[in-house]
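Visitor: This is the content of target.tsv (TSV, C-alpha atoms):
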chain	number	residue	atom	x	y	z
A	18	MET	CA	-7.34	35.71	-0.06
A	19	ASP	CA	-9.48	34.87	-3.12
A	20	ASN	CA	-8.15	32.85	-6.04
A	21	ASP	CA	-10.12	31.94	-9.16
A	22	VAL	CA	-10.53	28.17	-9.38
A	23	SER	CA	-12.72	28.20	-12.46
A	24	SER	CA	-15.29	30.53	-13.95
A	25	ASP	CA	-17.78	29.75	-11.20
A	26	LEU	CA	-15.73	28.48	-8.23
A	27	THR	CA	-13.46	30.42	-5.89
A	28	LEU	CA	-10.87	29.35	-3.35
A	29	ARG	CA	-10.40	31.24	-0.08
A	30	ASP	CA	-9.71	30.87	3.62
A	31	ILE	CA	-12.62	29.70	5.79
A	32	PRO	CA	-13.26	32.16	8.65
A	33	GLU	CA	-14.14	30.98	12.14
A	34	ALA	CA	-17.68	32.29	11.63
A	35	GLU	CA	-18.22	29.53	9.03
A	36	LEU	CA	-17.06	26.55	11.13
A	37	ASP	CA	-20.61	25.21	11.40
A	38	ARG	CA	-20.96	25.29	7.62
A	39	MET	CA	-17.67	23.42	7.34
A	40	LEU	CA	-18.86	20.78	9.80
A	41	GLU	CA	-22.16	20.37	7.98
A	42	LEU	CA	-20.30	19.64	4.74
A	43	ALA	CA	-17.93	17.22	6.48
A	44	TYR	CA	-20.78	15.33	8.17
A	45	LEU	CA	-22.58	15.14	4.83
A	46	ALA	CA	-19.51	13.79	3.02
A	47	PHE	CA	-18.57	11.27	5.74
A	48	HIS	CA	-22.19	10.23	6.53
A	49	ALA	CA	-21.85	11.24	10.20
A	50	THR	CA	-24.52	11.92	12.77
A	51	LEU	CA	-23.01	13.20	16.00
A	52	SER	CA	-24.20	14.42	19.37
A	53	GLU	CA	-24.19	18.13	20.12
A	54	GLY	CA	-21.35	17.54	22.57
A	55	LYS	CA	-19.20	15.90	19.89
A	56	ARG	CA	-20.11	18.63	17.42
A	57	ALA	CA	-19.02	21.30	19.92
A	58	LEU	CA	-15.71	19.47	20.39
A	59	HIS	CA	-15.13	19.29	16.64
A	60	ARG	CA	-15.93	22.99	16.29
A	61	ASP	CA	-13.43	23.85	19.02
A	62	MET	CA	-10.69	21.71	17.47
A	63	LEU	CA	-11.31	23.16	14.02
A	64	SER	CA	-10.95	26.67	15.41
A	65	LYS	CA	-7.27	25.86	15.98
A	66	THR	CA	-6.61	24.75	12.40
A	67	GLU	CA	-5.74	26.49	9.16
A	68	ARG	CA	-8.73	26.15	6.80
A	69	ILE	CA	-9.26	26.62	3.09
A	70	GLY	CA	-12.49	26.16	1.16
A	71	VAL	CA	-13.89	26.15	-2.35
A	72	TYR	CA	-17.08	28.14	-2.84
A	73	ASP	CA	-19.69	28.00	-5.58
A	74	GLY	CA	-21.11	31.48	-5.18
A	75	ASP	CA	-21.91	31.59	-1.46
A	76	ALA	CA	-22.13	27.79	-1.09
A	77	LEU	CA	-19.19	26.00	0.55
A	78	VAL	CA	-18.51	22.93	-1.63
A	79	GLY	CA	-15.02	21.77	-0.63
A	80	VAL	CA	-12.93	22.03	2.54
A	81	LEU	CA	-9.48	21.20	3.88
A	82	ALA	CA	-8.03	21.92	7.32
A	83	THR	CA	-4.55	21.40	8.76
A	84	TYR	CA	-3.30	20.90	12.29
A	85	PRO	CA	0.12	22.57	12.91
A	86	PHE	CA	1.85	19.34	14.02
A	87	THR	CA	5.48	18.55	14.66
A	88	PHE	CA	6.22	14.87	13.95
A	89	SER	CA	8.88	12.48	15.15
A	90	VAL	CA	11.19	11.35	12.35
A	91	PRO	CA	14.22	9.07	12.73
A	92	GLY	CA	16.65	10.94	14.95
A	93	GLY	CA	14.62	14.12	15.29
A	94	ARG	CA	11.40	16.07	14.75
A	95	LEU	CA	10.16	18.19	11.87
A	96	PRO	CA	7.16	20.43	11.16
A	97	CYS	CA	4.52	18.29	9.49
A	98	PRO	CA	0.99	19.67	9.07
A	99	GLY	CA	-1.77	17.11	9.51
A	100	LEU	CA	-4.46	17.43	6.83
A	101	THR	CA	-7.99	16.71	8.02
A	102	TYR	CA	-11.67	17.22	7.10
A	103	VAL	CA	-10.72	16.94	3.43
A	104	CYS	CA	-13.97	16.56	1.51
A	105	VAL	CA	-16.06	17.74	-1.44
A	106	ALA	CA	-19.84	18.15	-1.65
A	107	PRO	CA	-21.42	15.24	-3.54
A	108	THR	CA	-22.95	17.76	-5.96
A	109	HIS	CA	-19.49	19.02	-6.99
A	110	ARG	CA	-17.47	15.87	-7.60
A	111	ARG	CA	-15.23	15.63	-10.66
A	112	ARG	CA	-15.00	19.38	-11.07
A	113	GLY	CA	-11.41	19.71	-9.83
A	114	VAL	CA	-12.37	20.88	-6.34
A	115	LEU	CA	-10.17	18.42	-4.45
A	116	THR	CA	-7.24	19.07	-6.77
A	117	ARG	CA	-7.49	22.81	-6.18
A	118	LEU	CA	-7.59	22.32	-2.43
A	119	MET	CA	-4.63	19.94	-2.39
A	120	ASP	CA	-2.51	22.00	-4.77
A	121	GLU	CA	-3.12	25.13	-2.70
A	122	GLU	CA	-2.21	23.32	0.51
A	123	LEU	CA	1.01	21.93	-0.98
A	124	ARG	CA	1.87	25.41	-2.28
A	125	ARG	CA	1.33	26.95	1.16
A	126	CYS	CA	3.41	24.29	2.90
A	127	ALA	CA	6.28	24.87	0.47
A	128	ALA	CA	6.04	28.65	0.84
A	129	ASP	CA	6.04	28.39	4.65
A	130	GLY	CA	9.07	26.09	4.76
A	131	ARG	CA	7.22	23.05	6.10
A	132	PRO	CA	9.09	20.04	4.69
A	133	LEU	CA	6.45	17.35	5.32
A	134	ALA	CA	2.68	16.91	5.31
A	135	SER	CA	0.57	14.01	6.54
A	136	LEU	CA	-2.96	12.65	6.58
A	137	TRP	CA	-5.14	9.63	7.24
A	138	ALA	CA	-6.81	8.54	4.02
A	139	SER	CA	-10.52	7.72	4.00
A	140	GLU	CA	-9.94	6.18	0.55
A	141	SER	CA	-6.48	4.86	-0.28
A	142	ALA	CA	-6.88	5.40	-4.02
A	143	ILE	CA	-7.09	9.18	-3.74
A	144	TYR	CA	-3.90	10.64	-2.32
A	145	GLY	CA	-1.11	8.96	-4.24
A	146	ARG	CA	-1.71	11.28	-7.15
A	147	TYR	CA	-0.91	14.21	-4.87
A	148	GLY	CA	2.42	12.67	-3.85
A	149	PHE	CA	1.40	11.00	-0.57
A	150	GLY	CA	2.68	7.53	0.26
A	151	ALA	CA	1.59	5.12	3.00
A	152	ALA	CA	4.43	5.60	5.49
A	153	THR	CA	3.18	3.49	8.41
A	154	GLN	CA	1.11	0.35	8.86
A	155	GLY	CA	-1.29	-0.36	11.69
A	156	VAL	CA	-2.61	-3.70	12.87
A	157	THR	CA	-5.69	-4.64	14.87
A	158	LEU	CA	-4.98	-7.08	17.70
A	159	GLU	CA	-7.61	-9.15	19.47
A	160	ILE	CA	-6.97	-11.13	22.64
A	161	ASP	CA	-9.26	-13.85	23.97
A	162	SER	CA	-9.28	-12.85	27.64
A	163	ARG	CA	-11.60	-15.56	28.90
A	164	GLN	CA	-8.43	-17.06	30.35
A	165	PRO	CA	-5.33	-15.31	31.79
A	166	LEU	CA	-2.86	-13.98	29.25
A	167	ARG	CA	0.05	-16.39	29.02
A	168	LEU	CA	3.45	-14.71	28.63
A	169	ARG	CA	7.00	-15.80	27.81
A	170	ILE	CA	8.50	-12.96	29.89
A	171	GLU	CA	8.00	-11.81	33.46
A	172	PRO	CA	5.74	-8.75	33.76
A	173	ASP	CA	6.91	-5.74	35.74
A	174	GLU	CA	5.43	-6.27	39.21
A	175	ARG	CA	5.35	-2.64	40.32
A	176	PRO	CA	1.86	-1.49	41.33
A	177	LEU	CA	-0.63	-0.22	38.76
A	178	ARG	CA	-2.82	2.76	39.55
A	179	LEU	CA	-5.91	4.30	38.05
A	180	VAL	CA	-5.50	7.99	37.21
A	181	ASP	CA	-8.30	10.52	37.01
A	182	ARG	CA	-8.89	11.78	33.47
A	183	GLU	CA	-8.46	15.40	34.56
A	184	GLU	CA	-4.98	14.65	35.92
A	185	ALA	CA	-3.84	12.25	33.22
A	186	ALA	CA	-2.57	14.66	30.56
A	187	ALA	CA	-0.11	16.45	32.85
A	188	LEU	CA	1.16	13.11	34.15
A	189	LEU	CA	1.45	11.27	30.83
A	190	ARG	CA	2.61	14.02	28.51
A	191	PRO	CA	6.32	14.07	29.53
A	192	PHE	CA	6.55	10.28	29.23
A	193	HIS	CA	4.82	10.24	25.84
A	194	ASP	CA	7.12	13.00	24.63
A	195	SER	CA	10.18	11.00	25.70
A	196	MET	CA	8.91	7.94	23.82
A	197	LEU	CA	8.74	9.80	20.49
A	198	ALA	CA	12.45	9.19	20.02
A	199	GLU	CA	11.88	5.42	20.23
A	200	ARG	CA	9.64	5.16	17.18
A	201	ALA	CA	9.16	7.60	14.27
A	202	GLY	CA	5.80	8.63	12.87
A	203	SER	CA	3.89	10.35	15.70
A	204	PRO	CA	2.95	13.97	16.36
A	205	GLU	CA	3.80	15.85	19.52
A	206	ARG	CA	0.72	16.17	21.72
A	207	GLY	CA	-0.11	19.55	23.23
A	208	PRO	CA	-2.34	19.90	26.31
A	209	GLU	CA	-5.45	20.56	24.22
A	210	TRP	CA	-4.83	17.51	22.03
A	211	TRP	CA	-4.59	15.34	25.16
A	212	ARG	CA	-7.78	16.81	26.59
A	213	ASP	CA	-9.95	17.00	23.47
A	214	LYS	CA	-8.68	14.04	21.43
A	215	VAL	CA	-6.73	11.42	23.39
A	216	LEU	CA	-8.82	11.72	26.57
A	217	ALA	CA	-12.11	12.91	25.09
A	218	VAL	CA	-15.04	11.86	27.27
A	219	GLU	CA	-17.20	10.81	24.30
A	220	ALA	CA	-15.88	8.09	22.02
A	221	GLU	CA	-16.63	8.00	18.30
A	222	ASP	CA	-18.55	4.81	19.15
A	223	PRO	CA	-21.24	5.91	21.64
A	224	SER	CA	-21.51	2.39	23.06
A	225	LEU	CA	-18.04	2.69	24.63
A	226	SER	CA	-17.37	4.04	28.12
A	227	PRO	CA	-15.40	7.19	28.92
A	228	PRO	CA	-11.62	6.64	28.88
A	229	ARG	CA	-9.92	4.84	31.77
A	230	VAL	CA	-6.24	5.52	32.44
A	231	VAL	CA	-3.88	3.09	34.18
A	232	VAL	CA	-0.25	3.94	34.90
A	233	LEU	CA	2.70	1.80	35.97
A	234	GLY	CA	5.69	3.29	37.79
A	235	ASP	CA	6.55	6.54	39.52
A	236	PRO	CA	7.97	8.21	37.51
A	237	VAL	CA	5.80	6.82	34.73
A	238	ALA	CA	7.27	3.78	32.95
A	239	GLY	CA	4.14	2.96	30.98
A	240	TYR	CA	0.44	3.61	30.67
A	241	VAL	CA	-2.69	2.41	28.93
A	242	ILE	CA	-5.83	4.35	27.97
A	243	TYR	CA	-8.83	2.14	27.29
A	244	ARG	CA	-12.62	2.07	27.12
A	245	THR	CA	-15.07	-0.73	27.85
A	246	ARG	CA	-18.36	-1.94	26.44
A	247	ALA	CA	-20.78	-3.96	28.55
A	248	ARG	CA	-23.06	-6.60	27.07
A	249	ASP	CA	-26.45	-7.68	28.37
A	250	ASP	CA	-26.02	-11.23	27.11
A	251	GLY	CA	-22.48	-11.92	28.33
A	252	PRO	CA	-18.98	-10.59	29.04
A	253	GLY	CA	-17.97	-7.31	27.44
A	254	LEU	CA	-15.12	-5.75	25.50
A	255	VAL	CA	-11.98	-3.82	26.47
A	256	GLN	CA	-10.88	-1.45	23.69
A	257	VAL	CA	-7.31	-0.16	23.88
A	258	GLU	CA	-6.95	3.46	22.77
A	259	ASP	CA	-3.25	4.00	23.53
A	260	LEU	CA	-0.57	1.89	25.22
A	261	GLN	CA	3.01	3.03	25.71
A	262	ALA	CA	5.70	1.19	27.65
A	263	ALA	CA	9.38	1.86	28.30
A	264	THR	CA	10.27	-1.85	28.45
A	265	PRO	CA	8.75	-5.18	27.32
A	266	SER	CA	8.11	-6.16	30.96
A	267	VAL	CA	6.09	-2.97	31.51
A	268	ALA	CA	4.09	-3.71	28.33
A	269	ALA	CA	3.51	-7.26	29.57
A	270	ALA	CA	2.14	-5.96	32.88
A	271	LEU	CA	-0.27	-3.61	31.09
A	272	TRP	CA	-1.55	-6.28	28.68
A	273	ARG	CA	-1.98	-8.72	31.58
A	274	TYR	CA	-4.01	-6.10	33.44
A	275	LEU	CA	-6.28	-5.51	30.43
A	276	CYS	CA	-6.92	-9.24	30.05
A	277	GLY	CA	-7.85	-9.52	33.72
A	278	ILE	CA	-10.63	-6.90	33.85
A	279	ASP	CA	-13.78	-8.47	35.29
A	280	LEU	CA	-16.89	-9.08	33.17
A	281	THR	CA	-14.97	-8.90	29.89
A	282	ALA	CA	-13.92	-11.62	27.48
A	283	ARG	CA	-12.09	-9.80	24.68
A	284	VAL	CA	-9.41	-7.13	24.40
A	285	ARG	CA	-9.21	-5.25	21.10
A	286	ALA	CA	-6.51	-2.80	20.04
A	287	VAL	CA	-7.49	-1.28	16.70
A	288	ASN	CA	-4.22	0.44	15.80
A	289	ARG	CA	-0.96	-1.08	17.03
A	290	PRO	CA	2.48	-1.15	15.40
A	291	ALA	CA	3.03	-4.08	13.05
A	292	ASP	CA	6.05	-5.13	15.15
A	293	ASP	CA	4.29	-4.85	18.53
A	294	PRO	CA	6.38	-6.91	21.03
A	295	LEU	CA	3.18	-8.53	22.32
A	296	LEU	CA	3.16	-10.65	19.17
A	297	LEU	CA	6.46	-12.19	20.25
A	298	PHE	CA	6.17	-12.42	24.04
A	299	ALA	CA	2.63	-13.83	24.08
A	300	ALA	CA	3.02	-17.54	24.85
A	301	ASP	CA	-0.07	-18.55	22.84
A	302	ARG	CA	-0.49	-16.89	19.46
A	303	ASP	CA	-3.91	-18.48	19.13
A	304	GLN	CA	-4.91	-16.28	22.06
A	305	VAL	CA	-3.46	-13.10	20.46
A	306	ARG	CA	-4.49	-12.64	16.84
A	307	VAL	CA	-3.89	-10.02	14.15
A	308	THR	CA	-7.34	-9.47	12.64
A	309	ASP	CA	-6.52	-6.58	10.29
A	310	GLN	CA	-3.59	-4.70	8.78
A	311	PHE	CA	-3.96	-1.35	7.04
A	312	PRO	CA	-2.08	1.74	5.79
A	313	ALA	CA	-2.21	4.31	8.59
A	314	LEU	CA	-0.24	7.55	8.19
A	315	TRP	CA	0.18	8.89	4.67
A	316	MET	CA	3.14	11.25	4.26
A	317	ARG	CA	4.16	13.78	1.62
A	318	LEU	CA	7.67	15.17	1.16
A	319	ILE	CA	7.07	18.87	0.48
A	320	ASP	CA	10.78	19.74	0.42
A	321	VAL	CA	12.69	16.52	-0.28
A	322	ARG	CA	16.10	17.96	0.55
A	323	THR	CA	15.06	19.41	3.93
A	324	ALA	CA	13.15	16.25	4.83
A	325	LEU	CA	16.07	13.95	4.03
A	326	GLU	CA	18.61	16.16	5.77
A	327	GLY	CA	16.33	16.43	8.81
A	328	ARG	CA	16.39	12.73	9.74
A	329	SER	CA	19.18	10.44	10.91
A	330	TRP	CA	20.63	7.65	8.78
A	331	ALA	CA	21.72	4.12	9.67
A	332	ALA	CA	24.43	3.36	7.08
A	333	PRO	CA	26.68	5.18	4.62
A	334	ALA	CA	25.43	5.68	1.07
A	335	ASP	CA	26.35	7.49	-2.13
A	336	LEU	CA	23.50	7.33	-4.62
A	337	VAL	CA	21.93	9.43	-7.35
A	338	LEU	CA	18.14	9.58	-7.07
A	339	ASP	CA	15.99	10.67	-9.99
A	340	VAL	CA	12.81	11.85	-8.26
A	341	ARG	CA	9.56	12.40	-10.15
A	342	ASP	CA	7.24	15.07	-8.69
A	343	ASP	CA	4.66	16.60	-11.01
A	344	ARG	CA	3.01	18.82	-8.38
A	345	LEU	CA	6.10	20.37	-6.75
A	346	PRO	CA	8.67	20.63	-9.56
A	347	ALA	CA	11.38	21.96	-7.21
A	348	ASN	CA	11.73	18.38	-5.91
A	349	ALA	CA	12.04	16.79	-9.35
A	350	GLY	CA	15.23	15.75	-11.07
A	351	ARG	CA	18.48	14.00	-10.22
A	352	HIS	CA	20.09	14.54	-6.84
A	353	ARG	CA	23.11	12.94	-5.22
A	354	LEU	CA	22.38	11.56	-1.77
A	355	THR	CA	25.55	11.18	0.33
A	356	VAL	CA	25.31	9.70	3.81
A	357	SER	CA	28.16	9.71	6.34
A	358	ASP	CA	28.19	9.53	10.16
A	359	GLY	CA	24.40	9.38	10.33
A	360	LYS	CA	23.85	12.59	8.33
A	361	CYS	CA	23.11	13.20	4.68
A	362	GLY	CA	23.70	15.72	1.99
A	363	TYR	CA	21.38	16.11	-1.00
A	364	ARG	CA	22.46	18.13	-4.03
A	365	ARG	CA	21.46	18.41	-7.68
A	366	THR	CA	23.63	16.54	-10.14
A	367	GLU	CA	23.85	15.67	-13.83
A	368	ASP	CA	25.29	12.22	-13.05
A	369	PRO	CA	23.35	9.12	-14.16
A	370	ALA	CA	20.69	7.91	-11.77
A	371	ASP	CA	21.09	4.83	-9.59
A	372	LEU	CA	17.36	4.79	-8.78
A	373	THR	CA	14.33	6.42	-10.40
A	374	LEU	CA	11.27	6.81	-8.18
A	375	GLU	CA	8.15	8.88	-7.65
A	376	VAL	CA	8.04	11.23	-4.68
A	377	ARG	CA	5.13	9.22	-3.22
A	378	ASP	CA	7.35	6.12	-3.01
A	379	LEU	CA	10.20	8.04	-1.42
A	380	ALA	CA	7.64	9.34	1.10
A	381	ALA	CA	6.48	5.78	1.85
A	382	ALA	CA	10.08	4.76	2.61
A	383	TYR	CA	11.06	7.96	4.44
A	384	LEU	CA	10.28	6.81	8.00
A	385	GLY	CA	11.72	3.33	7.45
A	386	GLY	CA	8.38	1.53	7.10
A	387	THR	CA	8.61	0.56	3.41
A	388	ARG	CA	11.60	-1.07	1.73
A	389	ILE	CA	12.81	0.38	-1.56
A	390	ALA	CA	13.77	-3.14	-2.67
A	391	ASP	CA	10.14	-4.20	-2.31
A	392	LEU	CA	9.09	-1.26	-4.48
A	393	VAL	CA	11.62	-2.32	-7.10
A	394	ARG	CA	10.20	-5.86	-7.11
A	395	ALA	CA	6.69	-4.36	-7.45
A	396	GLY	CA	7.78	-2.43	-10.55
A	397	LEU	CA	7.27	0.96	-8.87
A	398	VAL	CA	10.94	1.97	-8.55
A	399	THR	CA	13.56	1.47	-11.27
A	400	GLU	CA	16.99	0.31	-10.13
A	401	HIS	CA	19.64	1.31	-12.66
A	402	THR	CA	22.63	0.24	-10.56
A	403	ALA	CA	22.68	-3.21	-8.98
A	404	GLY	CA	22.56	-2.99	-5.18
A	405	ALA	CA	21.32	0.61	-5.10
A	406	ALA	CA	17.96	-0.30	-3.54
A	407	ALA	CA	19.63	-2.40	-0.84
A	408	ALA	CA	22.06	0.43	-0.08
A	409	LEU	CA	19.24	2.96	0.30
A	410	ASP	CA	17.25	0.55	2.47
A	411	ALA	CA	20.26	0.06	4.76
A	412	ALA	CA	20.63	3.82	5.10
A	413	LEU	CA	16.92	4.38	5.80
A	414	ALA	CA	16.60	1.48	8.26
A	415	THR	CA	15.23	2.09	11.76
A	416	GLU	CA	15.32	-0.14	14.83
A	417	ARG	CA	11.52	-0.12	15.10
A	418	LEU	CA	8.88	0.24	12.45
A	419	PRO	CA	7.26	3.68	12.37
A	420	HIS	CA	3.82	3.97	13.92
A	421	VAL	CA	1.21	6.63	14.67
A	422	ALA	CA	-1.38	6.15	17.42
A	423	ASP	CA	-3.15	9.47	16.74
A	424	ASP	CA	-5.68	9.64	13.94
A	425	PHE	CA	-6.88	12.98	12.65
Using structure tokens, write down the structure that the file contains.
Guide:
Amino acid sequence: MDNDVSSDLTLRDIPEAELDRMLELAYLAFHATLSEGKRALHRDMLSKTERIGVYDGDALVGVLATYPFTFSVPGGRLPCPGLTYVCVAPTHRRRGVLTRLMDEELRRCAADGRPLASLWASESAIYGRYGFGAATQGVTLEIDSRQPLRLRIEPDERPLRLVDREEAAALLRPFHDSMLAERAGSPERGPEWWRDKVLAVEAEDPSLSPPRVVVLGDPVAGYVIYRTRARDDGPGLVQVEDLQAATPSVAAALWRYLCGIDLTARVRAVNRPADDPLLLFAADRDQVRVTDQFPALWMRLIDVRTALEGRSWAAPADLVLDVRDDRLPANAGRHRLTVSDGKCGYRRTEDPADLTLEVRDLAAAYLGGTRIADLVRAGLVTEHTAGAAAALDAALATERLPHVADDF
């Protein structure tokens, strides 16, 4: 399909024959230099995406790809494409290329009945104008492991076992899938995603080892995937890639194991949930530190009604929301949100609004990770009826903060 973008630019699908051109543009935009093995992996993963590009004559000057994900939301799962490789050639900035790509992708999602879209933002200032809000937060944890990890709870004492990388996906996938119901904000992982992304032999940082996999319990009650980095001048690093546990005691056993690995002095977990139980059951918070906090998953409500009706709700509510959405006008206007018995209805109304908000702010609150009342205090949401923000927050509340371990 060819669509005129301007007098000299065209928008069309990127065929598989042009994947190398797409990668060249992405590596240029993100300043990446990768091994041939990593490049081959990226090419293979891109072959499984939907891809659109902007061309200046024959030159590819803007790209966007989407993974066909299904994401966990409170009480269920919904189709939620994951946008990736979004970039524009440095020679073609400020010519509307990104806007054309994003508008076309939003149009396609709406036409295909996909109620959500998601991405990781390389620059936080960009995607709000396209209706994306920061729906989850990640934190980086660092543990001083020069001494044993002190805990306030008893770790699970069942044996730990190392699992071969080739066997890990089949073993871990059912457990990971079961854990999606515990915390919203993560995509389902297919076999290829486990093999090529989660358990990829080469790390983005070439100084790190291949992945190691340790499992507790049979059947699996928890696991950790980690890499290590040796140092010539002293003890090395343990980097946690993914840790999932059915109970706090299982998590405690896995963290204790990581802190006990010989010839290492530091454990680092770059992306953990902001309410990770380790922060509470560690006996010495000087030993376990939060060194960074950042917006992780950005979410867009493509079809607000379907998205709201597709999740569960924690408290009754009867509110009129006036939603502002310049890019997808079908979402805009006043709607009455009625919540009863954990389910909601969402219908157009002419009644006065209780809350006025932009679709990006509703997206930020959708998974339960951002409070509407905080947005009111920040001047981003207007509360017309006293208590309306608190009522919506109570209805949106989840037991655990949303979190995504998978970047894309």
Visitor: Expressed in Å to a single decimal, how great is the separation between atom CA of A:Trp330 and atom CA of A:Phe88?
Guide: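 Result for atom CA of A:Trp330 versus atom CA of A:Phe88: 16.9 Å, one decimal.
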Visitor: What's around A:Asn348 at 10 Å? Count only C-alpha atoms, leave out sequence neighbours fewer than 4 positions away in its own chain, and write the answer as number ranges by chain.
Guide: A: 318-322, 339-344, 352, 365, 376
Visitor: For a quick check of understanding, using only C-alpha atoms, which of A:Ala152, A:Leu336, A:Ala82, A:Ile389 has the smallest distance to A:Leu374?
Guide: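 Of all the options, A:Ile389 lies closest to A:Leu374.
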Visitor: Excluding A:Asp37 and residues on its chain fewer than 4 positions from it, collect all residues at most 9 Å away from it, counting all atoms listed in the file, and give them as a compact mmCIF listing (two decimals) with C-alpha atoms, keeping the file's coordinate frame.
Guide:
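Final file, result_11.txt:
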# COMPACT_ATOMS: atom_id res chain seq x y z
CA GLU A 33 -14.14 30.98 12.14
CA GLU A 41 -22.16 20.37 7.98
CA LEU A 42 -20.30 19.64 4.74
CA ARG A 56 -20.11 18.63 17.42
CA ARG A 60 -15.93 22.99 16.29
Visitor: For A:Ala331, find every residue with an atom within 12 Å (counting only C-alpha atoms), except residues of its own chain fewer than 2 positions away, and show them as an NGL selection string.
Guide: :A and (91-92 or 328-329 or 333-334 or 356-361 or 384-385 or 408-416)
Visitor: Which distance in Å separates atom CA of A:Tyr144 and atom CA of A:Asp213, to one decimal?
Guide: 27.2 Å
Visitor: Kindly give the distance, in Å, that separates atom CA of A:Leu40 and atom CA of A:Pro132, rounded to a single decimal.
Guide: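 Value for the atom CA of A:Leu40-atom CA of A:Pro132 distance: 28.4 Å.
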Visitor: Looking at all atoms listed in the file, which of A:Arg351, A:Arg124, A:Arg146, A:Arg117 is the one that sits closest to A:Pro369?
Guide: A:Arg351
Visitor: From the list A:Ala324, A:Asp250, A:Val393, A:Gln261, which residue is nearest A:Gly130 when using all atoms listed in the file?
Guide: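 Among the listed residues, the smallest separation from A:Gly130 belongs to A:Ala324.
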Visitor: Please, which residues in stretch 238-323 of chain A fall within 10 Å of stretch 185-192 of chain A when counting all atoms listed in the file, and what is the closest atom pair and distance in Å to one decimal for each, ordered by chain then residue number, as a tab-separated table?
Guide:
residue	atom	partner	partner_atom	distance
A:Ala238	CA	A:Phe192	CA	7.5
A:Gly239	CA	A:Phe192	CA	7.9
A:Tyr240	CA	A:Leu189	CA	7.7
A:Val241	CA	A:Leu189	CA	10.0
A:Ile242	CA	A:Ala185	CA	9.7
A:Gln261	CA	A:Phe192	CA	8.8
A:Ala262	CA	A:Phe192	CA	9.3
A:Ala263	CA	A:Phe192	CA	8.9
Visitor: Closest to A:Ala286 among A:Thr101, A:Gln310, A:Ser266, A:Ser135, using only C-alpha atoms?
Guide: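 Smallest separation from A:Ala286 among the options: A:Gln310.
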Visitor: Considering only C-alpha atoms, state which residue in the set A:Arg306, A:Glu375, A:Glu121, A:Leu325 is at the smallest distance from A:Leu354.
Guide: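 That would be A:Leu325, the residue with the smallest distance to A:Leu354.
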Visitor: Between stretch 38-98 of chain A and stretch 202-209 of chain A, at 12 Å or less, what are the per-residue closest atom pairs and their distances in Å? Count all atoms listed in the file, order by chain and rising residue number, and return it as a Markdown table.
Guide:
| residue | atom | partner | partner_atom | distance |
| --- | --- | --- | --- | --- |
| A:Leu58 | CA | A:Glu209 | CA | 11.0 |
| A:Asp61 | CA | A:Glu209 | CA | 10.1 |
| A:Met62 | CA | A:Glu209 | CA | 8.6 |
| A:Lys65 | CA | A:Glu209 | CA | 10.0 |
| A:Tyr84 | CA | A:Pro204 | CA | 10.2 |
| A:Pro85 | CA | A:Pro204 | CA | 9.7 |
| A:Phe86 | CA | A:Pro204 | CA | 6.0 |
| A:Thr87 | CA | A:Pro204 | CA | 5.5 |
| A:Phe88 | CA | A:Pro204 | CA | 4.2 |
| A:Ser89 | CA | A:Gly202 | CA | 5.4 |
| A:Val90 | CA | A:Gly202 | CA | 6.1 |
| A:Pro91 | CA | A:Gly202 | CA | 8.4 |
| A:Gly92 | CA | A:Gly202 | CA | 11.3 |
| A:Gly93 | CA | A:Gly202 | CA | 10.7 |
| A:Arg94 | CA | A:Pro204 | CA | 8.9 |
| A:Leu95 | CA | A:Pro204 | CA | 9.5 |
| A:Pro96 | CA | A:Pro204 | CA | 9.3 |
| A:Cys97 | CA | A:Pro204 | CA | 8.3 |
| A:Pro98 | CA | A:Pro204 | CA | 9.5 |
Visitor: Restricting the calculation to only C-alpha atoms, which member of A:Asp424, A:Glu219, A:Asp25, A:Asp249 is positioned closest to A:Val287?
Guide: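 Selected residue with least distance to A:Val287: A:Asp424.
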Visitor: Excluding A:Leu418 and any residue of its chain fewer than 4 positions from it, enumerate the residues within 8 Å of it, using all atoms listed in the file, and give them as a list in words.
Guide: Thr153, Arg200, Ala201, Pro290, Ala291, Asp292, Gly385 and Gly386 of chain A
Visitor: Can you build me a table of stretch 115-227 of chain A residues sitting at most 9 Å from stretch 270-274 of chain A, with the closest atom pair per residue and its distance in Å to one decimal, using only C-alpha atoms, sorted by chain and residue number, as a tab-separated table?
Guide:
residue	atom	partner	partner_atom	distance
A:Pro165	CA	A:Arg273	CA	7.4
A:Leu166	CA	A:Arg273	CA	5.8
A:Arg167	CA	A:Arg273	CA	8.3
A:Leu168	CA	A:Arg273	CA	8.6
A:Glu171	CA	A:Ala270	CA	8.3
A:Pro172	CA	A:Ala270	CA	4.6
A:Asp173	CA	A:Ala270	CA	5.6
A:Glu174	CA	A:Ala270	CA	7.1
A:Arg175	CA	A:Ala270	CA	8.8
A:Leu177	CA	A:Leu271	CA	8.4
